[in-house]
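In what follows, a single structure is set out as structure tokens and then discussed.
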Amino acid sequence: MKPLDIFLEAIWGLASRPGRTIATIVSLAIAVATVALVVGVLAGFERQIEQLSFGAYGRALVIRENYFVQDRHGPPRLSDIDRLRDALPRVETVAAWRVVFGAEVVAGRERQQLEIYGVQGDYSREASASIAAGRGMTLAETESANRICLIGDNTATRLFPEGGALHENIRINGISCRVIGVFGAPENRIAERFSNAVITPFSTAARYFSDETFLAPDEATQITLILSESRFLDRSRTTADRVMRRRYGAPLSEASPFVYSDPNTSVRSLRQQRSLVARLLIVVAGVALISGLIGYGSAVAAAASERRREVALRRTLGATQADIIVQFLTENAVLGIFGGALGSVIALGVGLAVSTAWGWPVEFKPFVFSLSAGLGLLCGLVFGAIPARRAAASPPAGAARA
Amino acid sequence: MICAHGLTRSYSRSNDAITALDRADFDAKSGELVLVTGPSGSGKSTLLSIIGLLEPFDSGELSFGGDSVTSASEVTRAKLRRGRIGYLFQDAGLIDRKPILDNTALPLAYRGVGRKERLDRATAALESVGLGDRIHHTPGQLSGGERQRAGLARALVAEPDLLICDEPTAALDAETAADIARRIVAARERGAAVVLATHDRDLHALADRIYSLEKGRIVDVKEAAP
């Protein structure tokens, strides 16, 4: 029999029993949908974690003043950077930040309360956003006190609703500053803070815009050290603490004058939560998959058993066992593909529903649909193989004796 | 066309072995109508299944068209069934839910005949048995006699060398049975060997040879008068 005829016979085999065919497809679809949905939810969690991991910032060691110690030594200073670099060989880049909260920023008739981030060093790792217009600041510029700035995409929209922010002057706490670049949309959550902010050189922020009298010109709100690999974070934290204690004369018997935070702490916590949820979901998906496949296998086996007479007749007419097996496997492949496709649609619908109703971070990548179709096809072939072999073994003499 | 010597077939049931066919010799030549008669359980269906290559046998020799098929593989048997043997069963043996046109075309599909040609030949075969206007009906939509005519059309559509009919008229009324019998007998005019298991005594006069079976044994062979 020609391949097209085998395919047509398989389609006839399915179409001639629509009720059973639909029930079989649905049972497989439910199993596939559960797996696809779990994969989608886990991908959503992963995406959420990726957004928090923020690329290179996931390798960052952030040093701030510890406000909870009695004998305070003040915030970290720009001069600490070189000592830290010398002591920590795994440091890739460093940035010192001076944050001015709630500065009044004016452009023409527009007036906004915004954060000003003064930076010295490589700010690009934390900004994680490309420059949409103009240019970024050079390393030399971050070390200068030039009154230049980069503004976030939202800042540009709010201050310049008509557009054209580039090369315009804005006034920050009454001091003029020229816009040399505008950021595009932020690529991760940490970069979002720059969306509604202004970035200037560190010394510019300290000298012109800061009204905090308790900070000296070289004192930083935080120093960010980006390490070459996140696995060096723990050791680097200990080394940095030792360097800073020695520099500020804080003995090990007292609490550290600085806090060393690591954005991966929250990521690790999320990963642990995700791991628990993932295990639970995998168990649920496994149970649903097994139940669905048992239902599917039973339906296929029952259908094959019902069709013994038909198989015997086909063999009487010249079908070989191989012809029968190929026909049944083709039927199961078609069932599997339809089950996989329907499972994808169900998973997509349920995913959208739980995402809307419960705020679950469901994300369906294209491979989820390939996975669903592949899983359906695989289940169809695996669970169809045994009934196909059994059906093919029906002796042709059975047709004469039925 | 088909020649058998010493065919024996036993079945195991519980601890007993039942001999369905015991050292049977059989012969049917092209263009002959051979009847197989005997009471129920005498081994008629077993004999027909074996010579129709539907069922294996325990001992004996069987040749088909001059070639031995005693130890032929299942694939070889399937190829002979699809190309050279037609079957008509007591219940017509049609596949339920499949239109009789597709049922009739099925042997040609297994022979690899193209779709258009096989549908044309199946339509012609159904028209020849008076079912030209029912080709899209399923077996469930036909009467017993019509089903049997459709079964006969399917058995003959591939123009087989051997036509095996297992009590094809047993469940039909006398008039319909006579019509079917007439059409079966007509098949031998094409040169096919026709082997027919039947209780219908009216057919005895048309037969070239009659085998009588009892308890698995051929107890009598009658040749037609020359």
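Identifiers in the structure tokens: chain A, B, ... in order shown; residue index from 1 per chain; ligand index from 1 in order shown.
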Could you list, as a ChimeraX atom specification, every residue of chain A that has an atom within 10 Å of an atom of chain B, counting only C-alpha atoms?
/A:1-6,9,12-13,15-17,307,309-323,395-402
With only C-alpha atoms as the counted atoms, please give the residues lying no more than 8 Å from Ala373 of chain A, apart from itself and same-chain residues fewer than 4 positions off, as a list of chain:residue names.
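The contact residues come out as A:Gly336, A:Ile337, A:Phe338, A:Gly339, A:Gly340, A:Ala341, A:Ser344, A:Phe369, A:Leu377.
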Those selected residues, please, written with N, CA and C atoms and delivered as a tab-separated table (two decimals), in the first residue's frame.
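Final output, saved to again31.tsv:
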```tsv
chain	number	residue	atom	x	y	z
A	336	GLY	N	-1.48	11.77	18.37
A	336	GLY	CA	-0.46	12.40	19.21
A	336	GLY	C	-0.24	13.85	18.82
A	337	ILE	N	-0.18	14.11	17.51
A	337	ILE	CA	0.06	15.49	17.06
A	337	ILE	C	-1.13	16.37	17.41
A	338	PHE	N	-2.35	15.85	17.16
A	338	PHE	CA	-3.54	16.63	17.51
A	338	PHE	C	-3.62	16.83	19.03
A	339	GLY	N	-3.29	15.76	19.78
A	339	GLY	CA	-3.31	15.88	21.25
A	339	GLY	C	-2.30	16.91	21.71
A	340	GLY	N	-1.11	16.90	21.09
A	340	GLY	CA	-0.08	17.87	21.45
A	340	GLY	C	-0.50	19.29	21.11
A	341	ALA	N	-1.11	19.45	19.92
A	341	ALA	CA	-1.54	20.79	19.50
A	341	ALA	C	-2.65	21.30	20.41
A	344	SER	N	-1.27	22.30	23.68
A	344	SER	CA	-0.62	23.62	23.63
A	344	SER	C	-1.66	24.72	23.78
A	369	PHE	N	5.87	24.85	22.62
A	369	PHE	CA	4.90	24.29	21.66
A	369	PHE	C	5.52	23.13	20.89
A	377	LEU	N	3.38	13.42	20.08
A	377	LEU	CA	3.77	12.45	19.05
A	377	LEU	C	4.46	11.24	19.68
```
Can you pull out the residues contacting Leu280 of chain A? Cut-off 12 Å, using only C-alpha atoms, and skip same-chain residues under 5 positions away; I want them as an NGL selection string.
:A and (38 or 41-42 or 273-275 or 285-287)
I'd like to know which residues of segment 15-222 of chain B are strand (DSSP E or B) (by DSSP, run on the backbone); could you write them as a PyMOL selection string?
chain B and resi 16-28+33-37+59-64+67-68+85-88+162-166+193-197+209-214+217-222
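Pairwise distance (atom CA of Thr123 of chain B, atom CA of Ala171 of chain B) equals 25.5 Å.
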Run DSSP on the backbone and give me the residues of segment 83-263 of chain A it puts in alpha helix (DSSP H), as an MDAnalysis selection string.
chainID A and resid 83:87 124:127 139:142 153:159 202:204 233:248
Got time to write the residues from that selection, N, CA and C atoms, as a tab-separated table (two decimals), in the first residue's frame?
```tsv
chain	number	residue	atom	x	y	z
A	83	ARG	N	42.33	50.59	47.10
A	83	ARG	CA	42.70	49.56	48.07
A	83	ARG	C	41.91	48.27	47.82
A	84	LEU	N	40.62	48.47	47.56
A	84	LEU	CA	39.77	47.28	47.31
A	84	LEU	C	40.22	46.57	46.04
A	85	ARG	N	40.50	47.34	45.02
A	85	ARG	CA	40.96	46.75	43.75
A	85	ARG	C	42.23	45.93	43.96
A	86	ASP	N	43.15	46.49	44.76
A	86	ASP	CA	44.42	45.80	45.02
A	86	ASP	C	44.20	44.51	45.79
A	87	ALA	N	43.27	44.54	46.73
A	87	ALA	CA	43.05	43.36	47.59
A	87	ALA	C	42.19	42.30	46.93
A	124	SER	N	27.93	51.36	33.33
A	124	SER	CA	27.11	50.67	32.31
A	124	SER	C	26.61	49.31	32.79
A	125	ARG	N	27.39	48.63	33.68
A	125	ARG	CA	26.98	47.30	34.13
A	125	ARG	C	25.68	47.36	34.92
A	126	GLU	N	25.53	48.45	35.70
A	126	GLU	CA	24.32	48.57	36.52
A	126	GLU	C	23.18	49.21	35.75
A	127	ALA	N	23.51	50.10	34.82
A	127	ALA	CA	22.45	50.76	34.06
A	127	ALA	C	21.76	49.75	33.15
A	139	LEU	N	34.94	57.21	30.87
A	139	LEU	CA	35.44	57.01	32.23
A	139	LEU	C	36.03	58.33	32.78
A	140	ALA	N	36.73	59.04	31.88
A	140	ALA	CA	37.31	60.33	32.31
A	140	ALA	C	36.22	61.31	32.71
A	141	GLU	N	35.11	61.30	31.98
A	141	GLU	CA	34.01	62.23	32.30
A	141	GLU	C	33.40	61.90	33.66
A	142	THR	N	33.32	60.58	33.98
A	142	THR	CA	32.74	60.21	35.28
A	142	THR	C	33.65	60.68	36.42
A	153	ASP	N	14.73	56.94	30.02
A	153	ASP	CA	13.69	57.11	28.99
A	153	ASP	C	12.44	57.79	29.54
A	154	ASN	N	12.04	57.43	30.77
A	154	ASN	CA	10.85	58.06	31.35
A	154	ASN	C	11.12	59.53	31.68
A	155	THR	N	12.34	59.79	32.16
A	155	THR	CA	12.71	61.17	32.47
A	155	THR	C	12.62	62.03	31.22
A	156	ALA	N	13.12	61.49	30.11
A	156	ALA	CA	13.09	62.24	28.84
A	156	ALA	C	11.65	62.54	28.45
A	157	THR	N	10.77	61.54	28.61
A	157	THR	CA	9.37	61.73	28.24
A	157	THR	C	8.70	62.78	29.13
A	158	ARG	N	9.04	62.71	30.44
A	158	ARG	CA	8.38	63.62	31.38
A	158	ARG	C	8.89	65.06	31.24
A	159	LEU	N	10.21	65.19	31.00
A	159	LEU	CA	10.75	66.55	30.92
A	159	LEU	C	10.59	67.15	29.52
A	202	PHE	N	30.17	61.70	39.34
A	202	PHE	CA	30.11	61.65	40.81
A	202	PHE	C	30.34	63.04	41.43
A	203	SER	N	31.42	63.65	41.00
A	203	SER	CA	31.81	64.93	41.61
A	203	SER	C	30.81	66.03	41.26
A	204	THR	N	30.19	65.93	40.08
A	204	THR	CA	29.17	66.92	39.69
A	204	THR	C	28.00	66.83	40.65
A	233	LEU	N	32.03	35.77	45.30
A	233	LEU	CA	31.36	36.79	46.14
A	233	LEU	C	31.65	36.60	47.63
A	234	ASP	N	31.49	35.36	48.12
A	234	ASP	CA	31.65	35.13	49.56
A	234	ASP	C	33.08	35.48	50.03
A	235	ARG	N	34.06	34.97	49.26
A	235	ARG	CA	35.45	35.21	49.65
A	235	ARG	C	35.77	36.71	49.55
A	236	SER	N	35.25	37.35	48.50
A	236	SER	CA	35.53	38.77	48.29
A	236	SER	C	34.90	39.61	49.39
A	237	ARG	N	33.73	39.18	49.87
A	237	ARG	CA	33.06	39.92	50.95
A	237	ARG	C	33.96	39.94	52.20
A	238	THR	N	34.53	38.76	52.52
A	238	THR	CA	35.39	38.64	53.70
A	238	THR	C	36.64	39.51	53.53
A	239	THR	N	37.24	39.43	52.33
A	239	THR	CA	38.46	40.20	52.08
A	239	THR	C	38.17	41.71	52.14
A	240	ALA	N	37.08	42.12	51.51
A	240	ALA	CA	36.73	43.54	51.49
A	240	ALA	C	36.49	44.04	52.91
A	241	ASP	N	35.84	43.22	53.71
A	241	ASP	CA	35.56	43.63	55.11
A	241	ASP	C	36.88	43.81	55.87
A	242	ARG	N	37.81	42.88	55.61
A	242	ARG	CA	39.09	42.97	56.30
A	242	ARG	C	39.82	44.27	55.90
A	243	VAL	N	39.81	44.57	54.59
A	243	VAL	CA	40.48	45.78	54.08
A	243	VAL	C	39.84	47.03	54.70
A	244	MET	N	38.52	47.07	54.70
A	244	MET	CA	37.81	48.26	55.18
A	244	MET	C	37.96	48.41	56.70
A	245	ARG	N	37.98	47.31	57.44
A	245	ARG	CA	38.17	47.39	58.91
A	245	ARG	C	39.56	47.95	59.23
A	246	ARG	N	40.55	47.42	58.44
A	246	ARG	CA	41.92	47.87	58.70
A	246	ARG	C	42.02	49.37	58.42
A	247	ARG	N	41.40	49.77	57.30
A	247	ARG	CA	41.49	51.18	56.89
A	247	ARG	C	40.80	52.10	57.89
A	248	TYR	N	39.66	51.64	58.42
A	248	TYR	CA	38.88	52.52	59.30
A	248	TYR	C	39.10	52.19	60.79
```
Suppose you want the space between atom CA of Gly174 of chain A and atom CA of Arg98 of chain A; what is it in Å?
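Result for atom CA of Gly174 of chain A versus atom CA of Arg98 of chain A: 18.5 Å, one decimal.
Distances from A:Thr200, A:Ser130, A:Gln120, A:Ser144 to Ala185 of chain A were compared using only C-alpha atoms, and the smallest one belongs to A:Ser130.
Rounded to one decimal, atom CA of Ala129 of chain A and atom CA of Val182 of chain A lie 9.9 Å from each other.
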